[in-house]
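Visitor: Right, I'll just put the structure down here and ask away after.
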Amino acid sequence: MSVLGREDFETAFTASNPDWASGSADNFSFGIEEVRLKSGDVIRPQLAGVTAIVGANNAGKSTILREVVESLQQHPSNPAPPRLSVESIGLAATGDPGDLFAWLLGNSVFALQGDSMGFTRPMAGFERPIMLAHYWDRRSNGLGGLAGYLCFYGNAAGRFSIGGSAEMRDSVDDPPSHPVHSLQDSRSLRDRVSTLSQSVFQRPLTLDTLARTIRLRVGNVETDAPPVDNIPRAYRESMANLRPLDEQGDGMRGFFGQVLPVVAATYPVIVLDEPEAFLHPPQAHALGVELGKLAVERKVQILIATHDRHILTGLLDSQVDVSIVRASRDADDARAYQLDAAELRGLWNDPVLHYSNVLDGLFHRVVVLAEAEGDCAYLSAAMDCPSRAPSDLPGGEVLFVATGGKAGMSKVASALKAIDVPVVAAPDLDMISNELELANLVRALGGDWDEPARQLWASATAAQRAPRDPVRVQHVLDSIRAALESRSDEIYTSDVRDVLLANARAKHSPWADVKDYGVDAFRGAARAELERLLERLEGMGIVMVRHGELERLAPEVAVRKGPGWLQAALAAGAQCNHRSQAHIDKVLGVSMRRVLSKTAITDNSATPSTEGE
């Protein structure tokens, strides 16, 4: 095979196809506009950005990506084979065949193979222009052999097959047939790959062209490169002492098995299945950053399936537009729920949530929202109590997320609900003090803050909201004296202090008793209305701490508040007491109902997995 140029292309085809030589690469564009699933759901990938498909095992992520690629590779004249998840794809494409060829002349190689002229690029084969024009004209039915020029597909089976070595080309004018050939032809590409390796693995890469097999080696040769016609033995030995990339661990080989084809060539569409496989969290983050940079620099469309929040944070840190699609399985059909780039960016830019584990919620069966990190730790510990019976919701499938207070709950719930993550909120009981916050949370969880709900709230909280006379110091002193005067000879213990604080605050805030005593702070008809309100809220996914604030689940713990409470409570095993277990039972019961209301849960063993996950 010998390389030809633009003039050769124009000379060969101008007479029979004059429009082929008059196209402009600026008029050419290609991307996937939509992926329509058999369930009826539609995925709309970012055209210049990244779309990440997330979800549990057997949710259909890998199947969706594979069938998208198969749809692109479909020969337009052949009937489409039956597929499990993807019904059809819609393309966003502009340009005529002349514009396509102008783009191909800048992004692939026009070459002579035997008696035929055609285009080639690494991993795409050799195609004659007449066939490429045929595929482009009929692209709505598939791209056939053109797909390999426009889409790179990196899956689990292929990420180690690319490798960091290739045989030397037979002739100096042969086109690249492997990414390392492209590195051989470009100093800037070599520098970029080496710099990336230094950043991620703390070791640079060197391209060894001294033998018939060209290979990437890990490290630097200490001496300057000599002229190609005068290479001393010492330089060869120094090069040979560097270990080849092909002999490194799975993480490094898998990383560059995906990066090399993408860096070394330009594809409008890049599809990667679980690119984080075998990578430590910092390396997955770095891969996300690099993919995001490539999408921004080259305005390409990247679709990935992932299990890892670190690759998502890397993408977000790269400033690329990222849309998330959460895949799930409803009976035999794959379902998809999408969070667009603007919504995700708004969530990520929140100063509190940016450093939380909220993105981990994308990979769990249900998310439980709590006000603070300590609340999450305590509830998680309550789930792990040795005396608990096995649950339909194992601990590994439930994620507790802190929202930085009650006000953040509706924001996180709304974002997770948009991609169909089942969500339960578990705030302290005094959340009912703020009707607006409570109504926002109800709506964020998909409920309706209607007039009956508002009437229940108004009746239950009337006493707490009633105007009160100004509190004077004498009122507080009289309250404390009445509560403690008969106990004046007792030792001042934490119990006495609690009585003191309760009486010192009771007259100041009508909601103080709600935090301290929970539902017992309500009397008569108000108590009955409160119970009805709480039952209604639980039906909408809000499980309040009926004993008031979370610390009241462990009344036996001497430390009442502050950072020392959690350590003292867990050290005392308070998470296994009756109050805590009753509360976590209610949280999990509501969680399971939320899960069942989202998807038709089926036995995975009855549905064979179609993924390589």
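In the structure tokens, chains take letters A, B, ... by order of appearance, with residues numbered from 1 within each chain and ligands from 1 in the order shown.
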Could you pull out all residues of region 51-146 of chain A with a DSSP call of strand (DSSP E) and give them as a PyMOL selection string?
Guide: chain A and resi 51-54+86-94+109-113+116-121+125-127
Visitor: Tell me which protein, DNA and RNA residues are within 12 Å of region 528-531 of chain A, counting only C-alpha atoms, leaving out same-chain ones fewer than 6 positions away, and put them as a list in words.
Guide: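 After dropping sequence-adjacent residues, the list is Leu429, Asp430, Ile432, Pro452, Ala453, Arg454, Gln455, Leu456, Trp457, Ala458, Ser459, Ala460, Thr461, Ala462, Ala463, Val514, Gly518, Val519, Asp520, Ala521, Phe522, Leu537, Glu538, Val543, Met544 and Arg546 of chain A.
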Visitor: Looking at only C-alpha atoms, which of A:Val172, A:Ala211, A:Gly163, A:Val557 is the one that sits closest to Phe256 (chain A)?
Guide: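 The answer is A:Gly163, which sits nearest to Phe256 (chain A).
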Visitor: Go through A:Arg44, A:His475, A:Arg536, A:Arg443 one by one, measure the shortest atom-to-atom distance of each to Gln338 (chain A) using only C-alpha atoms, and give the residue with the smallest value.
Guide: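 Among the listed residues, A:Arg44 lies closest to Gln338 (chain A).
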Visitor: Just checking: using only C-alpha atoms, which residue out of A:Ser488, A:Thr209, A:Ser39, A:Gln301 ends up closest to Ile270 (chain A)?
Guide: A:Gln301
Visitor: Take CA of Ser328 (chain A) and CA of Arg365 (chain A) and report the distance between them in Å, one decimal.
Guide: 9.8 Å
Visitor: What separation in Å, quoted to one decimal, exists between CA of Asn357 (chain A) and CA of Ala402 (chain A)?
Guide: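 CA of Asn357 (chain A) sits 7.9 Å away from CA of Ala402 (chain A).
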Visitor: With distances taken over only C-alpha atoms, which of A:Gln73, A:Thr313, A:Ser318, A:Ser186 is nearest to Leu291 (chain A)?
Guide: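 Nearest candidate to Leu291 (chain A) out of A:Gln73, A:Thr313, A:Ser318, A:Ser186: A:Ser318.
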Visitor: Find the residues around Leu347 (chain A) up to 8 Å (only C-alpha atoms counted), leave out those fewer than 3 positions away in its own chain, and share them as a compact mmCIF listing (two decimals) with N, CA, C and O atoms, in the first residue's frame.
Guide:
# COMPACT_ATOMS: atom_id res chain seq x y z
N GLU A 343 -28.40 20.76 34.33
CA GLU A 343 -28.84 20.33 35.65
C GLU A 343 -27.68 19.71 36.43
O GLU A 343 -27.50 19.98 37.63
N LEU A 344 -26.89 18.89 35.76
CA LEU A 344 -25.76 18.26 36.44
C LEU A 344 -24.72 19.30 36.86
O LEU A 344 -24.17 19.24 37.95
N ASP A 350 -22.66 23.35 43.33
CA ASP A 350 -23.07 23.67 44.70
C ASP A 350 -21.87 23.48 45.63
O ASP A 350 -21.24 22.42 45.64
N LEU A 353 -22.45 20.28 47.95
CA LEU A 353 -22.62 18.98 47.28
C LEU A 353 -21.42 18.60 46.43
O LEU A 353 -21.20 17.41 46.16
N HIS A 354 -20.63 19.59 45.99
CA HIS A 354 -19.45 19.30 45.18
C HIS A 354 -18.52 18.31 45.90
O HIS A 354 -17.88 17.47 45.26
N LYS A 411 -32.97 20.03 46.59
CA LYS A 411 -32.08 20.17 45.42
C LYS A 411 -31.52 18.81 45.01
O LYS A 411 -31.56 18.44 43.84
N VAL A 412 -31.02 18.05 45.98
CA VAL A 412 -30.44 16.74 45.67
C VAL A 412 -31.53 15.77 45.23
O VAL A 412 -31.36 15.02 44.26
N ALA A 415 -32.56 16.40 41.58
CA ALA A 415 -31.58 15.96 40.59
C ALA A 415 -31.57 14.45 40.45
O ALA A 415 -31.54 13.91 39.33
Visitor: In Å, with one decimal, what is the gap from CA of Pro176 (chain A) to CA of Ala264 (chain A)?
Guide: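 It comes out at 10.0 Å.
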Visitor: Can you list every residue in region 37-123 of chain A that DSSP puts in helix (DSSP H, G or I), as a count of residues only?
Guide: 24
Visitor: Taking 6 positions as the minimum chain separation for residues in the same chain, which residues sit within 12 Å of region 8-18 of chain A when counting only C-alpha atoms? Answer as a list in words.
Guide: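 Within the cut-off, the hits are Ser2, Pro97, Gly98, Phe101, Ala102, Leu104, Leu105, Val109, Phe110, Ala111, Leu112, Ser116, Met117, Gly118, Phe119, Arg128, Pro129, Ile130 and Ala133 of chain A.
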Visitor: Convert the current residue selection to file output with N, CA, C and O atoms, as an mmCIF file, in the first residue's frame.
Guide:
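Dumped everything to part_4.cif:
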data_model
loop_
_atom_site.group_PDB
_atom_site.id
_atom_site.type_symbol
_atom_site.label_atom_id
_atom_site.label_comp_id
_atom_site.auth_asym_id
_atom_site.auth_seq_id
_atom_site.Cartn_x
_atom_site.Cartn_y
_atom_site.Cartn_z
ATOM 1 N N SER A 2 0.587 2.194 -0.872
ATOM 2 C CA SER A 2 1.363 3.427 -0.921
ATOM 3 C C SER A 2 0.419 4.619 -0.748
ATOM 4 O O SER A 2 -0.737 4.603 -1.190
ATOM 5 N N PRO A 97 -21.368 14.061 -0.166
ATOM 6 C CA PRO A 97 -20.177 13.215 -0.269
ATOM 7 C C PRO A 97 -18.884 14.001 -0.492
ATOM 8 O O PRO A 97 -17.823 13.608 0.013
ATOM 9 N N GLY A 98 -18.961 15.116 -1.217
ATOM 10 C CA GLY A 98 -17.763 15.923 -1.408
ATOM 11 C C GLY A 98 -17.232 16.464 -0.101
ATOM 12 O O GLY A 98 -16.014 16.494 0.142
ATOM 13 N N PHE A 101 -15.555 13.605 1.757
ATOM 14 C CA PHE A 101 -14.212 13.280 1.271
ATOM 15 C C PHE A 101 -13.204 14.356 1.662
ATOM 16 O O PHE A 101 -12.036 14.049 1.927
ATOM 17 N N ALA A 102 -13.640 15.617 1.704
ATOM 18 C CA ALA A 102 -12.729 16.665 2.166
ATOM 19 C C ALA A 102 -12.314 16.406 3.609
ATOM 20 O O ALA A 102 -11.143 16.593 3.975
ATOM 21 N N LEU A 104 -12.327 13.371 5.087
ATOM 22 C CA LEU A 104 -11.513 12.157 5.103
ATOM 23 C C LEU A 104 -10.082 12.432 4.659
ATOM 24 O O LEU A 104 -9.131 11.848 5.197
ATOM 25 N N LEU A 105 -9.903 13.331 3.702
ATOM 26 C CA LEU A 105 -8.546 13.645 3.241
ATOM 27 C C LEU A 105 -7.718 14.306 4.331
ATOM 28 O O LEU A 105 -6.484 14.227 4.322
ATOM 29 N N VAL A 109 -6.107 8.462 5.464
ATOM 30 C CA VAL A 109 -5.082 8.399 4.408
ATOM 31 C C VAL A 109 -5.708 7.900 3.114
ATOM 32 O O VAL A 109 -6.430 6.886 3.115
ATOM 33 N N PHE A 110 -5.463 8.624 2.023
ATOM 34 C CA PHE A 110 -5.858 8.159 0.696
ATOM 35 C C PHE A 110 -4.671 7.402 0.116
ATOM 36 O O PHE A 110 -3.550 7.922 0.052
ATOM 37 N N ALA A 111 -4.895 6.146 -0.259
ATOM 38 C CA ALA A 111 -3.773 5.281 -0.605
ATOM 39 C C ALA A 111 -4.123 4.377 -1.780
ATOM 40 O O ALA A 111 -5.290 4.228 -2.169
ATOM 41 N N LEU A 112 -3.073 3.769 -2.342
ATOM 42 C CA LEU A 112 -3.203 2.797 -3.432
ATOM 43 C C LEU A 112 -2.922 1.419 -2.870
ATOM 44 O O LEU A 112 -1.862 1.170 -2.280
ATOM 45 N N SER A 116 -6.409 -0.665 -6.637
ATOM 46 C CA SER A 116 -7.532 0.128 -6.129
ATOM 47 C C SER A 116 -7.046 1.318 -5.319
ATOM 48 O O SER A 116 -6.067 1.231 -4.569
ATOM 49 N N MET A 117 -7.757 2.437 -5.503
ATOM 50 C CA MET A 117 -7.531 3.608 -4.674
ATOM 51 C C MET A 117 -8.635 3.664 -3.608
ATOM 52 O O MET A 117 -9.800 3.402 -3.899
ATOM 53 N N GLY A 118 -8.245 4.036 -2.409
ATOM 54 C CA GLY A 118 -9.240 4.101 -1.346
ATOM 55 C C GLY A 118 -8.696 4.777 -0.112
ATOM 56 O O GLY A 118 -7.540 5.207 -0.064
ATOM 57 N N PHE A 119 -9.547 4.850 0.879
ATOM 58 C CA PHE A 119 -9.178 5.472 2.145
ATOM 59 C C PHE A 119 -8.892 4.400 3.188
ATOM 60 O O PHE A 119 -9.454 3.301 3.149
ATOM 61 N N ARG A 128 -13.126 1.785 -0.758
ATOM 62 C CA ARG A 128 -13.110 2.584 -1.986
ATOM 63 C C ARG A 128 -14.080 3.765 -1.860
ATOM 64 O O ARG A 128 -15.121 3.657 -1.216
ATOM 65 N N PRO A 129 -13.760 4.900 -2.468
ATOM 66 C CA PRO A 129 -14.624 6.086 -2.365
ATOM 67 C C PRO A 129 -16.054 5.830 -2.798
ATOM 68 O O PRO A 129 -16.985 6.379 -2.197
ATOM 69 N N ILE A 130 -16.265 5.018 -3.834
ATOM 70 C CA ILE A 130 -17.622 4.791 -4.315
ATOM 71 C C ILE A 130 -18.485 4.156 -3.231
ATOM 72 O O ILE A 130 -19.678 4.478 -3.083
ATOM 73 N N ALA A 133 -19.184 6.823 -0.423
ATOM 74 C CA ALA A 133 -20.243 7.735 -0.863
ATOM 75 C C ALA A 133 -21.614 7.054 -0.769
ATOM 76 O O ALA A 133 -22.610 7.682 -0.375
#
Visitor: List the neighbours of Ser391 (chain A) out to 12 Å using only C-alpha atoms; skip same-chain residues closer than 6 positions along the sequence, and give me the result as a ChimeraX atom specification.
Guide: /A:383-385,397-398,584-585,588-589,591-592
Visitor: Rank A:Arg388, A:Arg552, A:Arg579, A:His178 by their smallest atom-to-atom distance to Ala124 (chain A), using only C-alpha atoms, and report the top residue only.
Guide: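 With only C-alpha atoms as the atom set, the closest residue is A:His178.
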Visitor: Would you pick out the contacts of Asp340 (chain A) at 10 Å or less, using only C-alpha atoms, so that residues sharing its chain but fewer than 6 positions from it are not included, and give the list as number ranges by chain?
Guide: A: 44-46, 51, 321-325, 415, 418-419
Visitor: What's the 12 Å shell around Phe255 (chain A), counting only C-alpha atoms, without same-chain residues fewer than 6 positions away, as a PyMOL selection string?
Guide: chain A and resi 154-156+158-160+162-164+193+196-197+200-201+245-246+248-249+261-262+272+274-280+283-288+290-291
